[in-house]
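J.: First the structure, which I've put down as structure tokens, then a few questions once you've had a look.
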Amino acid sequence: MPENNTVKFGRFVISHPWLVILASILLVVATTFGARLLEIKTDYRVFFAEDNPQLIAFENIQNTYDKADNAMFVITPKEGSVFDRETLKSIHWLTEQAWQIPYTTRVDSITNYQHTWVTPEDEDYMLVGALLCVPDKSSNFDSECEHESVTEQMIDDLSDVEIKRLQDIVLHEPQLLNRVINPDSSVTAVNVTVQLPQDPDLEGLEGKAWKEKKTEILTAVTKVSEHVQDLQAQLMERNPNLEVRLTGVVMMNNTFAETGKNDMMTLTPIMLFLVIPLALYFMIRSISGTVASVIIIIFSIMGALGGAGWLGIAMTAPMFSVPTVVATMAVADSVHLLVTFLQGMRHGMNKQDAMVESLRINMMPIFLTSITTVIGFLTMNFSEVPPLRDMGNTVAVGVTLAFIFSVTFLPAMMMLMPVKVSDKKSKGHHWMDSFANFVVDKRKVLLPVMAVLSIAIIAAIPKNELNDEFVKYFDESIDFRVDSDYTAENLTGLYTAFYSIDTKTGSGIHEPEFMAMLQDFVKYAEQQPEVLHVQSYTDVMKRLNKSMNGDREECYALPKPSLEKGCNAVLLEDGEVAELGTLIRELTAQYTLIYETSLPRGLSINNQVNSDKSATRIQIALENLSSVQVLNLEDRFSQWFEQNAPEMEISGSSPAIMFAHIGQNNIYSMLKGTAWALVLISLLLIFALRSLKLGMLSLIPNIVPMAVAFGIWGIFQGQIGMGLSVVTGMTLGIVVDDTVHFMSKYLRARREKGLDKEAAVKYAFHTVGMALTVTTIVLVLGFLVLGMSHYVMNSHMGILTAITLAVALIIDFLLLPPLLMLGGKKLKDKIAN
């Protein structure tokens with residue numbers, strides 16, 4: 001009988017083991033060399049493509065006003081209140097020190113809050129000054145006190161009455177309450193706004209200047225975070241009565257990177273040196289096979305990460321899970337080759353013939369399963385999230401390399417290493433034969449039972465909610481998550497919504513009608529149950545109006561409605577009502593000019609008003625919301641603007657809105673990608689199995705496990721976010737592996753050995769049952785290790801994938817065989833021929 005190409009290939013590999021090993025090492029070196037090009041990116045913006053509409057809107061808002069990226073110190077006195085003298089001194093110290101944090105553009109706290117008021121001596125002159133300067137300026141009209149000139153002695157000299165006055169000012173200021181201090185005066189914040197360097201800053205640079213700026217961009221978040229953490233430690237040492245927590249966008253960025261690196265440094269070694277070696281050894285009982293498999297896994301990981309470097313892919317939070325995923329995926333090919341190889345040696349074959357026979361039997365199935373797995377991971381390119389696309393492409397490279405090394409390096413290594421096998425039939429194979437007899441005997445019961453059970457679990461899929469909460473991307477062992485939750489419960493939220501309202505006319509924000517509309521929206525927003533705080537320039541204007549009217553309480557209103565309360569009476573003196581709108585506009589512009597020119601460096605109004613006063617930004621602090629809640633709130637705000645300000649140009653976005661949109665869009669994109677993968681894989685199976693009916697039949701064990709897994713998830717968890725959206729495409733290729741290997745052995749028994757369907761099922765269990773069990777155990781353990789990640793996107797993805805793979809084995813063992821044995825004589829004859 002002439003040898004086919006697979007046999008010729010196998011004989012070449014075992015005849016030239018050193019040449020094959022050398023070629024494998026050269027391939028590893030060539031691919032791994034690209035790892036030097038890898039960069040770690042920490043900016044949350046990497047989760048969004050450059051053409052993402054929400055990102056574009058957010059960047060436009062950021063470029064129009066002061067940047068909103070921040071690090072926030074959340075301070076809680078263990079005893080006493082925020083307005084304790086020692087606490088005030090600590091807050092003032094931190095406020096001044098925070099200006100030294102790299103890239104800082106603004107620092108906001110209660111101690112440097114710029115208050116406006118008039119003195120009893122001259123109610124026509126408005127004073128502007130930091131909170132701690134209020135007593136000094138109130139007693140000395142010409143005082144030049146500013147927040148940077150405040151001393152600890154000045155704070156110690158404050159009387160109880162003066163401290164009470166400062167507390168009253170803060171707690172009655174909408175700009176501060178529930179933003180930098182809570183109503184109980186038990187928690188306060190120092191908010192540091194930073195302007196981090198970004199990739200657009202590289203434009204026009206070359207050579208050394210480009211490299212230096214690139215390094216600065218990549219290390220900026222780390223520099224800021226380290227400085228912030230150092231100040232946190234100093235403050236707690238300076239005042240042991242204070243608890244200091246850290247939150248904000250910069251700290252979130254840093255946590256993405258730190259969590260990912262920690263996972264790579266802990267989970268990957270657990271996989272490589274504990275889970276995989278132990279599982280392999282106990283299943284195949286071969287030290288040489290275990291060692292060779294681990295080497296292949298290491299080669300595959302190195303090649304995958306090197307390939308990512310060559311492809312220009314950056315290391316982001318999802319990418320840090322690649323080594324664990326590749327390590328898990330690389331096991332399957334080796335196991336199938338090794339199990340068949342060792343079986344052949346137990347049946348009396350020598351090493352060379354056993355390996356050639358193993359390659360002959362397994363080449364087509366492992367090639368097909370590798371292709372389907374690659375297709376599955378490549379469907380992640382349908383994702384709206386660039387890091388998930390990068391992860392899919394990198395794992396696809398790793399799976400491809402694992403296949404290459406499995407059919408070249410592994411056979412060559414096994415020829416050079418001592419291999420011992422027992423003559424006795426393993427307990428595992430004995431158990432598998434008994435199990436096969438059970439499945440064949442009980443097929444008429446198993447089919448309806450498995451069908452009904454699967455349908456019942458699948459019915460729970462609607463319990464899943466398409467949702468995402470980006471603060472909860474980290475589990476509760478991460479300080480950032482704990483601190484952010486505490487801040488949301490006691491002060492303000494990390495979730496925000498920014499709205500830029502553009503009049504498209506210079507100084508248009510000073511129009512009375514615009515101010516009235518803005519105030520109406522603020523009232524509407526504050527009425528929404530999800531809203532914690534609204535920062536609007538109308539609050540500044542109401543305070544200015546009050547100060548410029550002798551600090552009369554009734555004048556705390558916008559200039560036009562305050563006329564009814566006797567404020568700004570000078571505007572009505574001439575009785576020129578027809579020009580009242582113009583007079584109010586001019587008055588409002590004058591207030592803004594006086595206030596703006598009185599503010600110190602770094603505390604301008606550019607965080608709320610653009611340069612030509614044609615637009616203003618509203619910042620809305622939200623509770624920690626799910627993506628569904630964020631999108632619902634965004635819709636309500638959009639409808640309000642459409643009804644009440646149709647002529648205005650409204651632009652709304654924020655990290656919370658961006659993540660909410662991409663989470664939803666990604667789910668639907670991945671469903672589309674999975675559908676395409678299913679079509680491609682089905683065509684491949686029909687072609688490979690050379691049977692339309694069996695190819696279509698294979699859809700059942702390929703689709704049902706994913707559906708059952710999501711049903712189980714709906715019962716016990718019920719929330720599907722960005723990470724889980726890729727599981728369908730990712731696991732589809734893996735789930736197909738079991739089906740392909742089982743059906744290929746079944747068809748071999750029918751076509752080559754002429755066995756009937758019952759005997760063919762038993763043959764499939766005998767030849768591939770243990771290999772499928774071993775690979776599934778290793779895969780499930782591997783993804784459960786990923787489930788230990790503190791990065792919830794990765795951990796949930798790992799857990800759901802593990803559930804899917806476990807269900808897939810159960811379906812392939814208990815549902816697929818009864819389906820195969822359903823065929824009538826016509827199908828039987830067709831298969832046999």
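FYI, nothing fancy with the structure tokens labels: chains A, B, ... in order, residues from 1 per chain, ligands from 1 as they appear.
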Enumerate the residues of region 571-710 of chain A with a DSSP assignment of strand (DSSP E), computed from the backbone, and present them as a PyMOL selection string.

T.: chain A and resi 615-622+649-653

J.: I'd like to know which of A:Ser789, A:Thr188, A:Thr394, A:Thr731 is closest to Glu476 (chain A), using only C-alpha atoms.

T.: A:Ser789

J.: Quick one: residues within 12 Å of Ser383 (chain A), only C-alpha atoms counted, chain neighbours fewer than 4 positions away excluded, as JSON, numbers by chain?

T.: {"A": [47, 48, 49, 377, 378, 379, 387, 388, 389, 390, 391, 392, 393, 662, 663, 664, 665, 666, 667, 668, 669, 670, 671, 672, 673, 674, 722, 723, 724, 725, 726, 727, 728, 729, 730]}

J.: Got a sec: who's within 7 Å of region 458-461 of chain A, counting only C-alpha atoms, leaving out chain neighbours fewer than 6 positions off, as number ranges by chain?

T.: A: 707-708, 710-711, 714-715

J.: Would you mind exporting the chosen residues as a PDB file, in the first residue's frame, restricted to N, CA, C and O atoms?

T.:
ATOM      1  N   ALA A 707     -24.715  27.487  24.108  1.00  0.00           N
ATOM      2  CA  ALA A 707     -26.038  27.910  24.567  1.00  0.00           C
ATOM      3  C   ALA A 707     -26.291  27.453  26.002  1.00  0.00           C
ATOM      4  O   ALA A 707     -26.799  28.219  26.834  1.00  0.00           O
ATOM      5  N   VAL A 708     -25.909  26.212  26.308  1.00  0.00           N
ATOM      6  CA  VAL A 708     -26.088  25.701  27.670  1.00  0.00           C
ATOM      7  C   VAL A 708     -25.239  26.496  28.654  1.00  0.00           C
ATOM      8  O   VAL A 708     -25.696  26.828  29.765  1.00  0.00           O
ATOM      9  N   PHE A 710     -24.256  29.628  28.471  1.00  0.00           N
ATOM     10  CA  PHE A 710     -24.869  30.930  28.728  1.00  0.00           C
ATOM     11  C   PHE A 710     -26.148  30.785  29.543  1.00  0.00           C
ATOM     12  O   PHE A 710     -26.510  31.686  30.303  1.00  0.00           O
ATOM     13  N   GLY A 711     -26.833  29.650  29.395  1.00  0.00           N
ATOM     14  CA  GLY A 711     -27.989  29.396  30.249  1.00  0.00           C
ATOM     15  C   GLY A 711     -27.577  29.230  31.700  1.00  0.00           C
ATOM     16  O   GLY A 711     -28.213  29.780  32.612  1.00  0.00           O
ATOM     17  N   GLY A 714     -26.743  32.533  33.039  1.00  0.00           N
ATOM     18  CA  GLY A 714     -27.955  33.290  33.349  1.00  0.00           C
ATOM     19  C   GLY A 714     -28.553  32.889  34.684  1.00  0.00           C
ATOM     20  O   GLY A 714     -29.094  33.722  35.416  1.00  0.00           O
ATOM     21  N   ILE A 715     -28.460  31.608  35.030  1.00  0.00           N
ATOM     22  CA  ILE A 715     -29.017  31.118  36.292  1.00  0.00           C
ATOM     23  C   ILE A 715     -28.216  31.620  37.487  1.00  0.00           C
ATOM     24  O   ILE A 715     -28.774  32.058  38.497  1.00  0.00           O
TER      25      ILE A 715
END

J.: Point out the residue among A:Pro174, A:Pro135, A:Gly398, A:Pro818 with the least atom-to-atom distance to Val522 (chain A), counting only C-alpha atoms.

T.: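 Comparing A:Pro174, A:Pro135, A:Gly398, A:Pro818 against Val522 (chain A), the winner is A:Pro174.
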
J.: Neighbours of Tyr746 (chain A) within 9 Å (only C-alpha atoms; same-chain residues fewer than 6 positions away dropped), as a PyMOL selection string?

T.: chain A and resi 757+759-765+820

J.: Using only C-alpha atoms, which protein or nucleic acid residues come within 12 Å of Ala71 (chain A)? Drop anything in the same chain fewer than 2 positions from it, and give the result as a count of residues only.

T.: 44

J.: Using only C-alpha atoms, which residues sit within 7 Å of region 268-283 of chain A once same-chain residues fewer than 5 positions away are excluded, as a ChimeraX atom specification?

T.: /A:290,294,323-324,774,778,782

J.: Quick one: of A:Lys523, A:His16, A:Lys164, A:Lys67, who's nearest to Ser81 (chain A), counting only C-alpha atoms?

T.: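 Once distances to Ser81 (chain A) are computed over only C-alpha atoms, the minimum belongs to A:Lys164.
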
J.: Output as a ChimeraX atom specification all residues of region 429-466 of chain A that backbone DSSP marks as helix (DSSP H, G or I).

T.: /A:429-441,443-458,461-463

J.: For each of A:His115, A:His790, A:Lys693, A:Lys463, take the minimum atom-to-atom distance to Asp551 (chain A), counting only C-alpha atoms, then give the residue where this is smallest.

T.: A:His115

J.: Go through A:Ala23, A:Leu88, A:Leu631, A:Leu447 and flag the residue nearest Leu822 (chain A), using only C-alpha atoms for the distances.

T.: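 Closest residue, counting only C-alpha atoms: A:Leu447.
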
J.: With distances taken over only C-alpha atoms, which residue among A:Glu148, A:Asp84, A:Asp539, A:Asp333 lies nearest His741 (chain A)?

T.: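 Nearest candidate to His741 (chain A) out of A:Glu148, A:Asp84, A:Asp539, A:Asp333: A:Asp333.
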